[in-house]
Amino acid sequence: MNGLGRPSVRAVVYTRKSSEEGLDQEFNSLDAQYEACTAYIASQRHEGWKLVKQRFDDGGVSGGTMDRPALKALLDEVDKGLIDMIVVYKIDRLTRSLSDFARLIERLEKAGCSFVSVTQSFNTSSSMGRLTLNVLLSFAQFEREVTAERIRDKIAASKKKGMWMGGMVPWGYQVHSDPKVQSLEPHPQNAPDIQRVFDLYEELGCLSKLKREVDQLWPNRSYSRGRLHNILRNPIYIGKVRHKSDVYDGLHEAIIAQEQFDRVQQQMQLKSVIVRHQR
């Protein structure tokens, strides 16, 4: 009990920032969140709230996962019955996932703990607060799904135009020297290596033998048979861009001639048939 005869509410602050940018500053985003939350806890002193001074900060960690060091430590304290209220600056500091939120609320309720968002005027200690939070998280999840769909549509449309949409740069290429051109260009030193790989496969007709040759020629690459198989099957080398099951003409220059690529595909397919019949 506090001096007003109310039961004490042990309140702890949880802060999170997705990126590590700015965390080395003397007063960063985590500090700003913490300051706002501690001020809110102080304003609830008449309700018996008391700040637990231990800080739980996750810097540079996404809210899309529950695998966060500070959050895990916080939930361990909750499970021990040492915390009555978790205070966050915004809901998404705690979680961005509706399914994770549902599991989190169940865990908090089991331990007799609630949480409050200081900028969104509700807390989960009331049924109305829980309902409001569920509605807000449902809309937040809907917004993320719509955004993801737009990104997928943009990638598909860009690949139809032959653009390279990022990721690991294929062996033999480099990112185009003009940053305004969203494409690749043959690497002056490495492009001939890819031509050599295709020539070797036509000569040897076997991925295992090809791997041994590649290991000797380029020991620093340590490519598996599967990786070499993907290289030989990749239409990027004939100047095309793949999107799922579709292949489009790319903006980049081919390294391998279409005729040789087709011969290699036929050779690999025939080899696969022979191996299956031998089993």
# chains A, B, ... in the order shown; residues from 1 in each chain; ligands from 1
$ residues_around --residues "segment 85-98 of chain A" --least-positions-apart "2" --cutoff "7 Å" --atoms "only C-alpha atoms" --output "ChimeraX atom specification"
/A:9-16,33,37,63-64,83,100-102,113-120,137-138,141
$ select_by_dssp --residues "segment 153-221 of chain A" --states "strand (DSSP E or B)" --output "list in words"
Tyr173, Gln174, Val175, Leu184, Glu185 and Pro186 of chain A
$ residues_around --residues "Ile231 of chain A" --least-positions-apart "4" --cutoff "9 Å" --atoms "only C-alpha atoms" --output "ChimeraX atom specification"
/A:170-171,194,197,226-227,235-237
$ write_last_selection --atoms "N, CA, C and O atoms" --output "mmCIF file, in the first residue's frame"
data_model
loop_
_atom_site.group_PDB
_atom_site.id
_atom_site.type_symbol
_atom_site.label_atom_id
_atom_site.label_comp_id
_atom_site.auth_asym_id
_atom_site.auth_seq_id
_atom_site.Cartn_x
_atom_site.Cartn_y
_atom_site.Cartn_z
ATOM 1 N N PRO A 170 24.959 -11.159 -58.790
ATOM 2 C CA PRO A 170 25.398 -12.446 -59.359
ATOM 3 C C PRO A 170 26.871 -12.407 -59.769
ATOM 4 O O PRO A 170 27.368 -11.385 -60.237
ATOM 5 N N TRP A 171 27.544 -13.533 -59.582
ATOM 6 C CA TRP A 171 28.936 -13.676 -60.013
ATOM 7 C C TRP A 171 29.028 -13.320 -61.494
ATOM 8 O O TRP A 171 28.261 -13.811 -62.318
ATOM 9 N N ILE A 194 32.435 -16.527 -65.704
ATOM 10 C CA ILE A 194 31.142 -17.171 -65.962
ATOM 11 C C ILE A 194 31.163 -17.876 -67.310
ATOM 12 O O ILE A 194 30.673 -19.005 -67.450
ATOM 13 N N VAL A 197 32.881 -21.077 -66.800
ATOM 14 C CA VAL A 197 32.059 -22.080 -66.116
ATOM 15 C C VAL A 197 31.130 -22.781 -67.108
ATOM 16 O O VAL A 197 31.000 -24.014 -67.099
ATOM 17 N N GLY A 226 25.052 -27.447 -55.896
ATOM 18 C CA GLY A 226 23.768 -26.762 -56.013
ATOM 19 C C GLY A 226 23.920 -25.327 -56.459
ATOM 20 O O GLY A 226 23.133 -24.830 -57.282
ATOM 21 N N ARG A 227 24.925 -24.649 -55.933
ATOM 22 C CA ARG A 227 25.171 -23.250 -56.325
ATOM 23 C C ARG A 227 25.572 -23.178 -57.793
ATOM 24 O O ARG A 227 25.106 -22.289 -58.529
ATOM 25 N N PRO A 235 18.814 -17.275 -65.866
ATOM 26 C CA PRO A 235 18.671 -16.512 -67.116
ATOM 27 C C PRO A 235 19.279 -15.117 -67.050
ATOM 28 O O PRO A 235 19.326 -14.416 -68.066
ATOM 29 N N ILE A 236 19.749 -14.714 -65.850
ATOM 30 C CA ILE A 236 20.399 -13.408 -65.729
ATOM 31 C C ILE A 236 21.579 -13.320 -66.687
ATOM 32 O O ILE A 236 21.907 -12.260 -67.226
ATOM 33 N N TYR A 237 22.221 -14.506 -66.941
ATOM 34 C CA TYR A 237 23.435 -14.520 -67.756
ATOM 35 C C TYR A 237 23.165 -14.405 -69.252
ATOM 36 O O TYR A 237 24.102 -14.243 -70.026
#
$ closest_residue --among "A:Gln269, A:Thr147, A:Gln54, A:Thr38" --to "Ala70 of chain A" --atoms "only C-alpha atoms"
A:Gln54
$ atom_distance --atom1 "atom CA of Asp84 of chain A" --atom2 "atom CA of Leu108 of chain A"
9.0 Å
$ residues_around --residues "Ile155 of chain A" --least-positions-apart "4" --cutoff "12 Å" --atoms "only C-alpha atoms" --output "count of residues only"
16
$ closest_residue --among "A:Ala42, A:Ile105, A:Val264, A:Leu51" --to "Glu202 of chain A" --atoms "only C-alpha atoms"
A:Val264
$ residues_around --residues "Asp199 of chain A" --least-positions-apart "6" --cutoff "12 Å" --atoms "only C-alpha atoms" --output "list in words"
Pro192, Asp193, Gly205, Cys206, Leu210, Glu213, Val214, Leu232, Ile256, Ala257, Gln260, Phe261, Arg263 and Val264 of chain A
